[in-house]
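Okay, upload.pdb now, which holds PDB, C-alpha atoms:
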```
ATOM      1  CA  GLU A   1      30.108 -40.503 119.116
ATOM      2  CA  VAL A   2      27.731 -37.902 120.501
ATOM      3  CA  GLN A   3      28.475 -34.411 119.278
ATOM      4  CA  LEU A   4      26.870 -31.017 119.604
ATOM      5  CA  GLN A   5      28.510 -28.239 117.674
ATOM      6  CA  ALA A   6      27.524 -24.644 118.219
ATOM      7  CA  PHE A   7      28.582 -22.095 115.652
ATOM      8  CA  GLY A   8      27.567 -18.794 114.140
ATOM      9  CA  GLY A   9      28.945 -16.400 116.716
ATOM     10  CA  GLY A  10      30.858 -13.283 115.821
ATOM     11  CA  LEU A  11      31.185  -9.551 116.250
ATOM     12  CA  VAL A  12      28.128  -7.415 115.581
ATOM     13  CA  GLN A  13      27.082  -3.876 116.342
ATOM     14  CA  ALA A  14      24.299  -3.129 118.774
ATOM     15  CA  GLY A  15      20.961  -3.491 117.043
ATOM     16  CA  GLY A  16      22.294  -6.109 114.673
ATOM     17  CA  SER A  17      21.438  -9.771 114.263
ATOM     18  CA  LEU A  18      23.142 -13.146 114.363
ATOM     19  CA  ARG A  19      21.900 -16.680 113.934
ATOM     20  CA  LEU A  20      23.499 -19.395 115.997
ATOM     21  CA  SER A  21      23.283 -23.034 114.978
ATOM     22  CA  CYS A  22      23.631 -26.157 117.068
ATOM     23  CA  ALA A  23      24.297 -29.243 114.965
ATOM     24  CA  ALA A  24      23.865 -32.648 116.585
ATOM     25  CA  SER A  25      25.075 -36.126 115.738
ATOM     26  CA  GLY A  26      25.424 -39.482 117.404
ATOM     27  CA  PHE A  27      22.004 -39.626 119.048
ATOM     28  CA  THR A  28      18.326 -39.536 118.119
ATOM     29  CA  PHE A  29      18.037 -35.793 117.910
ATOM     30  CA  GLU A  30      14.256 -35.593 117.625
ATOM     31  CA  ASP A  31      13.919 -37.223 121.067
ATOM     32  CA  TYR A  32      15.885 -34.455 122.748
ATOM     33  CA  ALA A  33      14.985 -31.018 123.983
ATOM     34  CA  VAL A  34      17.694 -28.467 123.259
ATOM     35  CA  GLY A  35      18.608 -25.434 125.284
ATOM     36  CA  TRP A  36      20.870 -22.464 124.745
ATOM     37  CA  PHE A  37      22.937 -21.045 127.589
ATOM     38  CA  ARG A  38      25.330 -18.154 127.720
ATOM     39  CA  GLN A  39      28.106 -17.074 130.007
ATOM     40  CA  ALA A  40      29.494 -13.584 130.048
ATOM     41  CA  PRO A  41      32.932 -12.856 131.529
ATOM     42  CA  GLY A  42      32.789 -12.874 135.288
ATOM     43  CA  LYS A  43      29.138 -13.910 135.379
ATOM     44  CA  ASP A  44      27.213 -17.088 136.028
ATOM     45  CA  SER A  45      25.802 -19.148 133.203
ATOM     46  CA  GLU A  46      22.319 -18.087 132.120
ATOM     47  CA  GLY A  47      19.681 -20.251 130.459
ATOM     48  CA  VAL A  48      18.554 -18.273 127.425
ATOM     49  CA  SER A  49      16.062 -20.439 125.582
ATOM     50  CA  CYS A  50      14.842 -23.971 125.052
ATOM     51  CA  VAL A  51      12.847 -25.913 122.486
ATOM     52  CA  SER A  52      11.114 -29.124 123.451
ATOM     53  CA  ASN A  53      11.392 -32.409 121.607
ATOM     54  CA  THR A  54       7.857 -33.575 120.971
ATOM     55  CA  PHE A  55       5.842 -30.456 120.210
ATOM     56  CA  GLY A  56       8.517 -27.847 119.676
ATOM     57  CA  GLU A  57       7.399 -25.746 122.626
ATOM     58  CA  THR A  58       9.678 -22.799 123.188
ATOM     59  CA  TYR A  59      10.836 -21.002 126.294
ATOM     60  CA  TYR A  60      12.771 -17.772 126.696
ATOM     61  CA  ALA A  61      14.481 -15.868 129.445
ATOM     62  CA  ASP A  62      12.909 -12.493 130.096
ATOM     63  CA  SER A  63      16.165 -10.844 129.048
ATOM     64  CA  VAL A  64      15.792 -12.088 125.462
ATOM     65  CA  LYS A  65      12.045 -12.463 125.032
ATOM     66  CA  GLY A  66      10.837 -10.682 121.913
ATOM     67  CA  ARG A  67      14.346 -10.472 120.464
ATOM     68  CA  PHE A  68      15.508 -14.088 120.211
ATOM     69  CA  THR A  69      13.755 -16.947 118.441
ATOM     70  CA  ILE A  70      14.633 -20.607 118.859
ATOM     71  CA  SER A  71      13.666 -23.199 116.281
ATOM     72  CA  ARG A  72      14.598 -26.712 115.297
ATOM     73  CA  ASP A  73      14.900 -28.657 112.072
ATOM     74  CA  ASN A  74      14.854 -32.336 112.946
ATOM     75  CA  ALA A  75      15.622 -33.299 109.346
ATOM     76  CA  LYS A  76      18.933 -31.470 109.699
ATOM     77  CA  ASN A  77      19.531 -32.364 113.354
ATOM     78  CA  THR A  78      19.955 -28.683 114.040
ATOM     79  CA  VAL A  79      18.580 -26.085 116.411
ATOM     80  CA  TYR A  80      18.828 -22.396 115.618
ATOM     81  CA  LEU A  81      18.848 -19.306 117.774
ATOM     82  CA  GLN A  82      17.961 -16.201 115.790
ATOM     83  CA  MET A  83      19.133 -13.177 117.749
ATOM     84  CA  ASN A  84      17.826  -9.773 116.741
ATOM     85  CA  SER A  85      18.155  -6.304 118.251
ATOM     86  CA  LEU A  86      21.347  -7.382 119.944
ATOM     87  CA  LYS A  87      22.599  -5.412 122.914
ATOM     88  CA  PRO A  88      26.093  -5.152 124.412
ATOM     89  CA  GLU A  89      24.809  -7.097 127.413
ATOM     90  CA  ASP A  90      24.182 -10.070 125.096
ATOM     91  CA  THR A  91      27.943 -10.453 124.760
ATOM     92  CA  ALA A  92      28.839 -13.928 125.988
ATOM     93  CA  VAL A  93      29.931 -17.396 125.006
ATOM     94  CA  TYR A  94      26.822 -19.255 123.907
ATOM     95  CA  TYR A  95      26.442 -23.004 124.436
ATOM     96  CA  CYS A  96      23.834 -25.488 123.342
ATOM     97  CA  ALA A  97      22.844 -28.534 125.330
ATOM     98  CA  ALA A  98      20.489 -31.466 124.851
ATOM     99  CA  ASP A  99      18.508 -33.774 127.086
ATOM    100  CA  ASN A 100      15.804 -36.377 126.439
ATOM    101  CA  SER A 101      14.024 -36.085 129.784
ATOM    102  CA  LEU A 102      14.162 -32.362 130.345
ATOM    103  CA  ILE A 103      11.700 -30.842 132.764
ATOM    104  CA  LEU A 104      10.839 -27.928 130.517
ATOM    105  CA  SER A 105       9.719 -25.574 133.250
ATOM    106  CA  SER A 106      13.232 -25.926 134.664
ATOM    107  CA  TYR A 107      15.079 -25.639 131.369
ATOM    108  CA  ARG A 108      17.462 -23.122 132.903
ATOM    109  CA  ASP A 109      18.823 -25.750 135.276
ATOM    110  CA  ASP A 110      21.968 -26.755 133.471
ATOM    111  CA  VAL A 111      22.496 -29.949 135.465
ATOM    112  CA  GLN A 112      19.533 -31.497 133.639
ATOM    113  CA  TYR A 113      21.330 -31.707 130.323
ATOM    114  CA  ASP A 114      23.145 -34.810 129.127
ATOM    115  CA  TYR A 115      25.090 -33.374 126.232
ATOM    116  CA  TRP A 116      26.870 -30.071 125.717
ATOM    117  CA  GLY A 117      28.468 -28.426 122.764
ATOM    118  CA  GLN A 118      31.480 -26.209 122.738
ATOM    119  CA  GLY A 119      30.745 -22.526 122.970
ATOM    120  CA  THR A 120      30.568 -19.894 120.289
ATOM    121  CA  LEU A 121      31.473 -16.319 121.159
ATOM    122  CA  VAL A 122      29.033 -13.506 120.495
ATOM    123  CA  THR A 123      30.374  -9.979 120.898
ATOM    124  CA  VAL A 124      28.060  -7.001 120.579
ATOM    125  CA  SER A 125      29.740  -3.638 120.304
ATOM    126  CA  SER A 126      28.054  -0.421 121.392
TER
END
```

Target format structure tokens, applied to this file:
Amino acid sequence: EVQLQAFGGGLVQAGGSLRLSCAASGFTFEDYAVGWFRQAPGKDSEGVSCVSNTFGETYYADSVKGRFTISRDNAKNTVYLQMNSLKPEDTAVYYCAADNSLILSSYRDDVQYDYWGQGTLVTVSS
């Protein structure tokens, strides 16, 4: 059974940090690019970051560039999203997704992804 599990969300003050994890099982994880998306209340989903499968290339939305870092550990079938200098506008439910034929330049296009995890809520208080 294919599973993606996102966890690590919580409540943090502005300026604080959180690390989200996305744990995968049921497929050959190293063959898949993994993206993080977020959806704030009343807003559309936003592609936040992506890490490629083969070379570990990383991509970031302008809104998080310089503050968030994505990484992967294929030995643990896990992708991480380190979030620093958090802002209230980062408050959202964060989802991870995986695909083995992702067009990386279009990583923010959520229809590309085969597998999705459940969300984890990040709340940043001012």

(message) Can you translate the PyMOL selection byres ((chain A and resi 109-113) around 8) into the concrete residues it hits in this file, as a ChimeraX atom specification?
(response) /A:47,97-99,102-103,106-108,114-116

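CA of Trp36 (chain A) is positioned 17.6 Å from CA of Phe55 (chain A).
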
(request) Check the smallest atom-to-atom distance from each of A:Ala24, A:Ala75, A:Ala6, A:Val12 to Tyr94 (chain A) using only C-alpha atoms, then report the winner. (result)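 The answer is A:Ala6, which sits nearest to Tyr94 (chain A).
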
(request) Name all residues at most 12 Å from Ala40 (chain A) (count all atoms listed in the file; drop same-chain ones fewer than 5 positions away) and give them as an NGL selection string. (result) :A and (45-47 or 88-95 or 119-124)

(message) Selection in question (the file shown): the PyMOL selection byres ((chain A and resi 56) around 10). Which residues does it include, as a PyMOL selection string?
(response) chain A and resi 30+33-34+50-55+57-59+70-73

(request) For the structure shown, which residues end up in the PyMOL selection byres ((chain A and resi 26) around 8)? Put them as a PyMOL selection string, please? (result) chain A and resi 1-3+24-25+27-28

(message) Could you tell me how far CA of Leu104 (chain A) sits from CA of Gly66 (chain A), in Å to one decimal place?
(response) 19.3 Å

Edge lengths and centre in Å, axis-aligned, region 96-100 of chain A plus 6 Å each side, as lines of an AutoDock Vina configuration file:
```
center_x = 19.8
center_y = -30.9
center_z = 125.2
size_x = 20.0
size_y = 22.9
size_z = 15.7
```

(message) I need the residue nearest Ser85 (chain A) from this list: A:Gln118, A:Gln5, A:Ser63, A:Ser49. Use all atoms listed in the file for the distance.
(response) A:Ser63

(message) Just the number, please: distance in Å from CA of Asp31 (chain A) to CA of Leu4 (chain A), one decimal.
(response) 14.4 Å
